[in-house]
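Shown next: structure_39.pdb, containing PDB, C-alpha atoms and all ligand atoms.
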```
ATOM      1  CA  MET A   7      11.930 -25.769  18.006
ATOM      2  CA  LYS A   8      12.412 -26.550  14.353
ATOM      3  CA  PHE A   9       8.713 -26.035  13.780
ATOM      4  CA  LEU A  10       8.848 -22.641  15.475
ATOM      5  CA  LEU A  11      11.889 -21.669  13.458
ATOM      6  CA  VAL A  12      10.082 -22.553  10.224
ATOM      7  CA  LEU A  13       7.077 -20.519  11.348
ATOM      8  CA  ALA A  14       9.318 -17.553  12.121
ATOM      9  CA  LEU A  15      10.960 -17.782   8.714
ATOM     10  CA  ILE A  16       7.591 -17.935   6.968
ATOM     11  CA  ALA A  17       6.333 -14.993   9.015
ATOM     12  CA  SER A  18       9.357 -12.872   8.130
ATOM     13  CA  ALA A  19       9.131 -13.775   4.441
ATOM     14  CA  TYR A  20       5.509 -12.654   4.331
ATOM     15  CA  ALA A  21       5.785  -9.764   6.789
ATOM     16  CA  GLN A  22       4.003  -6.679   5.539
ATOM     17  CA  SER A  23       6.241  -3.942   4.305
ATOM     18  CA  PRO A  24       5.705  -0.619   6.090
ATOM     19  CA  CYS A  25       4.274   0.669   2.783
ATOM     20  CA  ASP A  26       1.445  -1.878   3.088
ATOM     21  CA  ASN A  27       0.640  -0.844   6.651
ATOM     22  CA  ILE A  28       0.437   2.949   6.573
ATOM     23  CA  ARG A  29      -1.981   4.497   9.076
ATOM     24  CA  THR A  30      -4.061   6.606   6.696
ATOM     25  CA  ARG A  31      -5.346  10.128   7.225
ATOM     26  CA  ALA A  32      -8.870   8.768   7.557
ATOM     27  CA  GLN A  33      -7.735   6.258  10.189
ATOM     28  CA  TRP A  34      -6.046   8.809  12.460
ATOM     29  CA  GLY A  35      -8.778  11.378  11.987
ATOM     30  CA  SER A  36      -7.200  14.040   9.780
ATOM     31  CA  ARG A  37      -8.986  17.263   9.024
ATOM     32  CA  ALA A  38     -10.005  17.835   5.409
ATOM     33  CA  THR A  39      -7.311  19.911   3.736
ATOM     34  CA  SER A  40      -6.247  21.143   0.335
ATOM     35  CA  LEU A  41      -2.851  19.763  -0.702
ATOM     36  CA  THR A  42      -0.433  20.695  -3.461
ATOM     37  CA  TRP A  43       1.337  18.142  -5.638
ATOM     38  CA  MET A  44       5.108  18.396  -5.942
ATOM     39  CA  ALA A  45       6.118  19.924  -9.252
ATOM     40  CA  THR A  46       8.571  17.057  -9.734
ATOM     41  CA  ARG A  47       7.408  13.616  -8.655
ATOM     42  CA  PRO A  48       8.900  11.414  -7.383
ATOM     43  CA  PRO A  49      11.137  13.516  -5.140
ATOM     44  CA  SER A  50      14.884  12.918  -4.940
ATOM     45  CA  GLY A  51      15.230  13.002  -1.155
ATOM     46  CA  PHE A  52      14.060  11.708   2.206
ATOM     47  CA  ALA A  53      14.480  14.150   5.111
ATOM     48  CA  VAL A  54      14.323  13.051   8.767
ATOM     49  CA  HIS A  55      12.879  15.214  11.566
ATOM     50  CA  HIS A  56      11.866  14.869  15.183
ATOM     51  CA  THR A  57       8.804  16.640  16.554
ATOM     52  CA  ALA A  58      10.693  17.749  19.706
ATOM     53  CA  GLY A  59       7.379  17.084  21.489
ATOM     54  CA  ALA A  60       5.784  14.078  23.138
ATOM     55  CA  ARG A  61       6.468  10.498  22.124
ATOM     56  CA  CYS A  62       3.584   8.059  21.634
ATOM     57  CA  SER A  63       3.580   4.453  22.793
ATOM     58  CA  THR A  64       0.267   3.182  21.400
ATOM     59  CA  GLN A  65      -1.699   3.585  18.185
ATOM     60  CA  ALA A  66      -4.364   5.605  20.024
ATOM     61  CA  LEU A  67      -1.744   7.991  21.433
ATOM     62  CA  CYS A  68      -0.031   8.353  18.037
ATOM     63  CA  ASP A  69      -3.414   9.100  16.425
ATOM     64  CA  THR A  70      -3.895  11.868  18.998
ATOM     65  CA  GLN A  71      -0.399  13.208  18.376
ATOM     66  CA  MET A  72      -1.041  13.413  14.637
ATOM     67  CA  ARG A  73      -4.215  15.403  15.233
ATOM     68  CA  ASN A  74      -2.452  17.662  17.763
ATOM     69  CA  ILE A  75       0.447  18.411  15.411
ATOM     70  CA  GLN A  76      -1.909  18.995  12.500
ATOM     71  CA  ASN A  77      -3.945  21.436  14.598
ATOM     72  CA  PHE A  78      -0.770  23.239  15.694
ATOM     73  CA  HIS A  79       0.583  23.493  12.148
ATOM     74  CA  MET A  80      -2.740  24.720  10.763
ATOM     75  CA  ASN A  81      -4.056  26.880  13.610
ATOM     76  CA  THR A  82      -0.824  28.377  14.953
ATOM     77  CA  ASN A  83       1.540  28.251  11.974
ATOM     78  CA  GLY A  84      -1.214  28.902   9.441
ATOM     79  CA  TRP A  85      -0.106  26.085   7.163
ATOM     80  CA  ALA A  86      -2.361  24.190   4.758
ATOM     81  CA  ASP A  87      -1.898  20.895   6.639
ATOM     82  CA  ILE A  88       0.442  19.009   8.947
ATOM     83  CA  GLY A  89       3.894  19.896   7.617
ATOM     84  CA  TYR A  90       5.350  16.385   7.281
ATOM     85  CA  ASN A  91       4.697  13.849   4.538
ATOM     86  CA  PHE A  92       4.921  10.969   7.032
ATOM     87  CA  CYS A  93       5.520  10.370  10.756
ATOM     88  CA  ILE A  94       6.365   7.431  12.984
ATOM     89  CA  GLY A  95       6.005   6.741  16.715
ATOM     90  CA  ASP A  96       7.260   4.181  19.214
ATOM     91  CA  PRO A  97       5.136   1.254  17.867
ATOM     92  CA  GLY A  98       6.791   1.647  14.456
ATOM     93  CA  GLN A  99       3.751   2.106  12.219
ATOM     94  CA  VAL A 100       4.174   4.770   9.528
ATOM     95  CA  TYR A 101       1.573   7.560   9.603
ATOM     96  CA  GLU A 102       0.396   9.363   6.494
ATOM     97  CA  GLY A 103       0.802  13.118   6.905
ATOM     98  CA  ARG A 104       0.636  14.990   3.615
ATOM     99  CA  GLY A 105       1.536  11.686   1.984
ATOM    100  CA  TYR A 106       3.411  10.782  -1.177
ATOM    101  CA  GLY A 107       4.019  13.345  -3.885
ATOM    102  CA  ARG A 108       2.769  16.316  -1.870
ATOM    103  CA  HIS A 109       4.734  19.530  -1.471
ATOM    104  CA  GLY A 110       5.707  19.677   2.208
ATOM    105  CA  ALA A 111       6.168  22.271   4.955
ATOM    106  CA  HIS A 112       9.055  20.830   6.974
ATOM    107  CA  ALA A 113      12.326  22.395   5.748
ATOM    108  CA  PRO A 114      12.499  25.318   3.307
ATOM    109  CA  GLY A 115      15.229  23.796   1.154
ATOM    110  CA  PHE A 116      13.617  20.353   1.081
ATOM    111  CA  ASN A 117       9.863  20.965   0.826
ATOM    112  CA  ALA A 118       9.749  20.735  -2.956
ATOM    113  CA  ARG A 119      12.198  17.861  -3.371
ATOM    114  CA  ALA A 120      12.052  15.509  -0.360
ATOM    115  CA  LEU A 121       9.589  13.484   1.669
ATOM    116  CA  GLY A 122       9.637  14.927   5.196
ATOM    117  CA  HIS A 123       9.458  12.142   7.788
ATOM    118  CA  CYS A 124       9.074  12.899  11.501
ATOM    119  CA  PHE A 125       9.813  10.783  14.541
ATOM    120  CA  PHE A 126       7.532  11.664  17.446
ATOM    121  CA  GLY A 127       9.518  12.854  20.433
ATOM    122  CA  GLU A 128      12.674  14.677  21.410
ATOM    123  CA  HIS A 129      15.725  12.764  20.179
ATOM    124  CA  THR A 130      18.655  14.896  21.296
ATOM    125  CA  SER A 131      19.940  12.266  23.718
ATOM    126  CA  VAL A 132      17.510   9.345  23.341
ATOM    127  CA  LEU A 133      16.986   7.320  20.184
ATOM    128  CA  PRO A 134      13.549   6.350  18.831
ATOM    129  CA  THR A 135      12.539   2.714  19.351
ATOM    130  CA  ALA A 136      14.259  -0.006  17.326
ATOM    131  CA  ALA A 137      10.903  -0.642  15.604
ATOM    132  CA  ALA A 138      10.592   2.992  14.506
ATOM    133  CA  LEU A 139      14.172   3.086  13.231
ATOM    134  CA  SER A 140      14.096  -0.206  11.322
ATOM    135  CA  ASN A 141      10.633   0.419   9.881
ATOM    136  CA  THR A 142      11.731   3.836   8.664
ATOM    137  CA  GLN A 143      14.657   2.263   6.822
ATOM    138  CA  SER A 144      12.310  -0.340   5.313
ATOM    139  CA  PHE A 145       9.859   2.432   4.477
ATOM    140  CA  ILE A 146      12.552   4.260   2.516
ATOM    141  CA  ASP A 147      13.291   1.084   0.551
ATOM    142  CA  CYS A 148       9.664   0.185  -0.218
ATOM    143  CA  SER A 149       8.883   3.797  -1.174
ATOM    144  CA  ARG A 150      11.740   3.691  -3.681
ATOM    145  CA  ALA A 151      10.544   0.305  -4.978
ATOM    146  CA  ARG A 152       7.100   1.814  -5.555
ATOM    147  CA  GLY A 153       8.477   4.735  -7.498
ATOM    148  CA  GLU A 154       7.740   7.292  -4.757
ATOM    149  CA  LEU A 155      11.452   8.169  -4.498
ATOM    150  CA  THR A 156      13.929   8.410  -7.361
ATOM    151  CA  SER A 157      16.204   5.391  -7.821
ATOM    152  CA  THR A 158      19.238   7.500  -6.852
ATOM    153  CA  HIS A 159      17.607   9.430  -3.982
ATOM    154  CA  TRP A 160      19.432  10.752  -0.930
ATOM    155  CA  VAL A 161      18.651  10.458   2.783
ATOM    156  CA  SER A 162      19.369  13.396   5.067
ATOM    157  CA  THR A 163      18.074  15.375   8.054
ATOM    158  CA  HIS A 164      16.543  18.774   8.727
ATOM    159  CA  ARG A 165      19.824  20.261  10.019
ATOM    160  CA  ASN A 166      21.434  19.472   6.672
ATOM    161  CA  ASP A 167      19.093  21.918   4.945
ATOM    162  CA  ARG A 168      21.272  24.954   4.229
ATOM    163  CA  GLN A 169      18.182  27.164   4.420
ATOM    164  CA  SER A 170      17.349  26.049   7.981
ATOM    165  CA  ALA A 171      19.008  26.841  11.298
ATOM    166  CA  THR A 172      17.842  24.010  13.524
ATOM    167  CA  ALA A 173      19.033  21.238  15.840
ATOM    168  CA  CYS A 174      16.344  18.918  14.414
ATOM    169  CA  PRO A 175      16.275  15.865  14.443
ATOM    170  CA  GLY A 176      18.355  15.917  17.671
ATOM    171  CA  ASN A 177      21.941  14.729  18.045
ATOM    172  CA  ALA A 178      21.125  11.117  18.890
ATOM    173  CA  LEU A 179      18.841  10.643  15.894
ATOM    174  CA  PHE A 180      21.133  12.629  13.605
ATOM    175  CA  ASN A 181      24.097  10.408  14.539
ATOM    176  CA  GLN A 182      22.003   7.325  13.760
ATOM    177  CA  VAL A 183      20.652   8.525  10.408
ATOM    178  CA  SER A 184      24.118   9.660   9.314
ATOM    179  CA  THR A 185      25.138   5.963   9.268
ATOM    180  CA  TRP A 186      22.261   4.954   6.961
ATOM    181  CA  PRO A 187      22.701   4.049   3.292
ATOM    182  CA  ARG A 188      22.470   7.001   0.877
ATOM    183  CA  PHE A 189      23.066   9.539   3.667
ATOM    184  CA  ASN A 190      24.076  12.867   2.171
ATOM    185  CA  SER A 191      25.210  15.690   4.492
ATOM    186  CA  ASN A 192      24.872  18.319   1.770
ATOM    187  CA  PRO A 193      22.077  17.302  -0.578
TER     188      PRO A 193
HETATM  189 ZN    ZN A 201      12.713  19.282  11.551
END
```
In structure tokens, write the structure found in this file.
Amino acid sequence: MKFLLVLALIASAYAQSPCDNIRTRAQWGSRATSLTWMATRPPSGFAVHHTAGARCSTQALCDTQMRNIQNFHMNTNGWADIGYNFCIGDPGQVYEGRGYGRHGAHAPGFNARALGHCFFGEHTSVLPTAAALSNTQSFIDCSRARGELTSTHWVSTHRNDRQSATACPGNALFNQVSTWPRFNSNP
């Protein structure tokens, strides 16, 4: 048992940060797009969304979801790319949407000043998986450590954008995120 405990401690000490394990656009099969850099980089906020669509339980299904959402945002909404900077599904791996430093299309008041991060699924009454929640919190921290968020950045949700009228990211997920460090209800 002691041996296993030591192994577990070593594994946790050397566990990859979510920033080292991002599923890239090339890996999930993104379309080629033209993206705009944020005027001010790094941004001062991190904004949480849900897709209000299907969840995904495997990497293959999350890859498909990314392509589906990108097609919807580009073909139906007429946007330049998938609206979010990053997304995360049930397995807990972070997906690169527009990526770091790119002007988003996820909340009018936040697009120029926050990374938009979506959880796949409808989270009005059901929370995302523990892996998705904890990896998102770690992702916020490692993004800040890498200079992709300001040192004093805020964390908030789509419904806290004064320019949006939306229930996103769902009551269950909103209640969870509102307990996180740096949460700001009026950023
Ligand atoms: Zn949203």
Smallest atom-to-atom distance to A:Ser157: which of A:Pro97, A:Pro175, A:Gly105, A:Gly51, using only C-alpha atoms? A:Gly51
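Residues in contact range of A:Phe92, defined as at most 6 Å between all atoms listed in the file, with sequence neighbours fewer than 5 positions away removed, read Tyr101, Glu102, Gly103 and His123 of chain A.
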Work out how far apart atom CA of A:Thr163 and atom CA of A:His55 are and give it in Å to one decimal. 6.3 Å
Identify all residues satisfying the PyMOL selection byres (((chain A and resi 169) around 9) and not hetatm) in the given file; provide them as a ChimeraX atom specification. /A:113-116,166-168,170-171
Evaluate the PyMOL selection byres (((chain A and resi 28) around 10) and not hetatm) against this structure - the residues, as a list in words, please. Ser23, Pro24, Cys25, Asp26, Asn27, Arg29, Thr30, Arg31, Gln33, Phe92, Cys93, Ile94, Gln99, Val100, Tyr101, Glu102, Gly105 and Phe145 of chain A
Expansion of the PyMOL selection byres (((chain A and resi 111) around 9) and not hetatm) into residues, as an MDAnalysis selection string: chainID A and resid 85:91 109:110 112:114 116:118 122
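The spacing separating atom CA of A:Ile75 from atom CA of A:Gly59 amounts to 9.3 Å.
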Test item: residues at most 10 Å from A:Ala60, all atoms listed in the file, excluding those fewer than 6 positions along its chain, as a PyMOL selection string: chain A and resi 67-68+71+95+126-128
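Ranking A:Gly84, A:Gly107, A:Gly98, A:Pro187 by their shortest atom-to-atom distance to A:Leu41, with all atoms listed in the file included, puts A:Gly107 first.
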Gap from atom CA of A:Ala120 to atom CA of A:Pro49 - Å, one decimal: 5.3 Å
Excluding A:Ile146 and residues on its chain fewer than 5 positions from it, collect all residues at most 9 Å away from it, counting all atoms listed in the file, and give them as a PDB file with C-alpha atoms, in the frame of the given file.
```pdb
ATOM      1  CA  PHE A  52      14.060  11.708   2.206  1.00  0.00           C
ATOM      2  CA  ASN A 141      10.633   0.419   9.881  1.00  0.00           C
ATOM      3  CA  ALA A 151      10.544   0.305  -4.978  1.00  0.00           C
ATOM      4  CA  LEU A 155      11.452   8.169  -4.498  1.00  0.00           C
ATOM      5  CA  VAL A 161      18.651  10.458   2.783  1.00  0.00           C
TER       6      VAL A 161
END
```
Counting all atoms listed in the file, what is within 10 Å of A:Val183, bar same-chain residues fewer than 2 positions away, as a PyMOL selection string? chain A and resi 53-54+139+143+161-163+175+177-181+185-190
How would the residues just picked look written out with C-alpha atoms as a compact mmCIF listing (two decimals), in the coordinates of the input?
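Listed below is the output, selection-v3.txt:
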```
# COMPACT_ATOMS: atom_id res chain seq x y z
CA ALA A 53 14.48 14.15 5.11
CA VAL A 54 14.32 13.05 8.77
CA LEU A 139 14.17 3.09 13.23
CA GLN A 143 14.66 2.26 6.82
CA VAL A 161 18.65 10.46 2.78
CA SER A 162 19.37 13.40 5.07
CA THR A 163 18.07 15.38 8.05
CA PRO A 175 16.27 15.86 14.44
CA ASN A 177 21.94 14.73 18.05
CA ALA A 178 21.12 11.12 18.89
CA LEU A 179 18.84 10.64 15.89
CA PHE A 180 21.13 12.63 13.60
CA ASN A 181 24.10 10.41 14.54
CA THR A 185 25.14 5.96 9.27
CA TRP A 186 22.26 4.95 6.96
CA PRO A 187 22.70 4.05 3.29
CA ARG A 188 22.47 7.00 0.88
CA PHE A 189 23.07 9.54 3.67
CA ASN A 190 24.08 12.87 2.17
```
Which residue of A:Ser144, A:Ser40, A:Ser63, A:Thr46 approaches A:Gln22 most closely, using only C-alpha atoms: A:Ser144
Pick out the residues sitting within 8 Å of A:Ser36, and hand them over as a PyMOL selection string; count only C-alpha atoms, and ignore anything fewer than 6 positions along from it in its own chain. chain A and resi 72-73+76
Restricted to C-alpha atoms, what would the selected residues look like written as a PDB file, in the frame of the given file?
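Output file result.pdb follows:
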```pdb
ATOM      1  CA  MET A  72      -1.041  13.413  14.637  1.00  0.00           C
ATOM      2  CA  ARG A  73      -4.215  15.403  15.233  1.00  0.00           C
ATOM      3  CA  GLN A  76      -1.909  18.995  12.500  1.00  0.00           C
TER       4      GLN A  76
END
```
Smallest atom-to-atom distance to ligand ZN 201 (chain A): which of A:Ser149, A:Thr135, A:Asn192, A:Thr172, using all atoms listed in the file? A:Thr172
Using 8 Å of padding on each side, determine the axis-aligned box around all atoms of stretch 44-48 of chain A present in the file and give its centre and edge lengths in Å to one decimal, as AutoDock Vina command-line options.
```
--center_x 7.0 --center_y 15.7 --center_z -7.8 --size_x 19.8 --size_y 24.5 --size_z 19.8
```
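Considering only C-alpha atoms and all ligand atoms, the residue among A:Gly176, A:Gly153, A:Pro48, A:Gly35 positioned nearest to ligand ZN 201 (chain A) is A:Gly176.
Using only C-alpha atoms, the smallest distance between any of A:Ala66, A:Met80, A:Leu121, A:Ala38 and A:Thr156 comes from A:Leu121.
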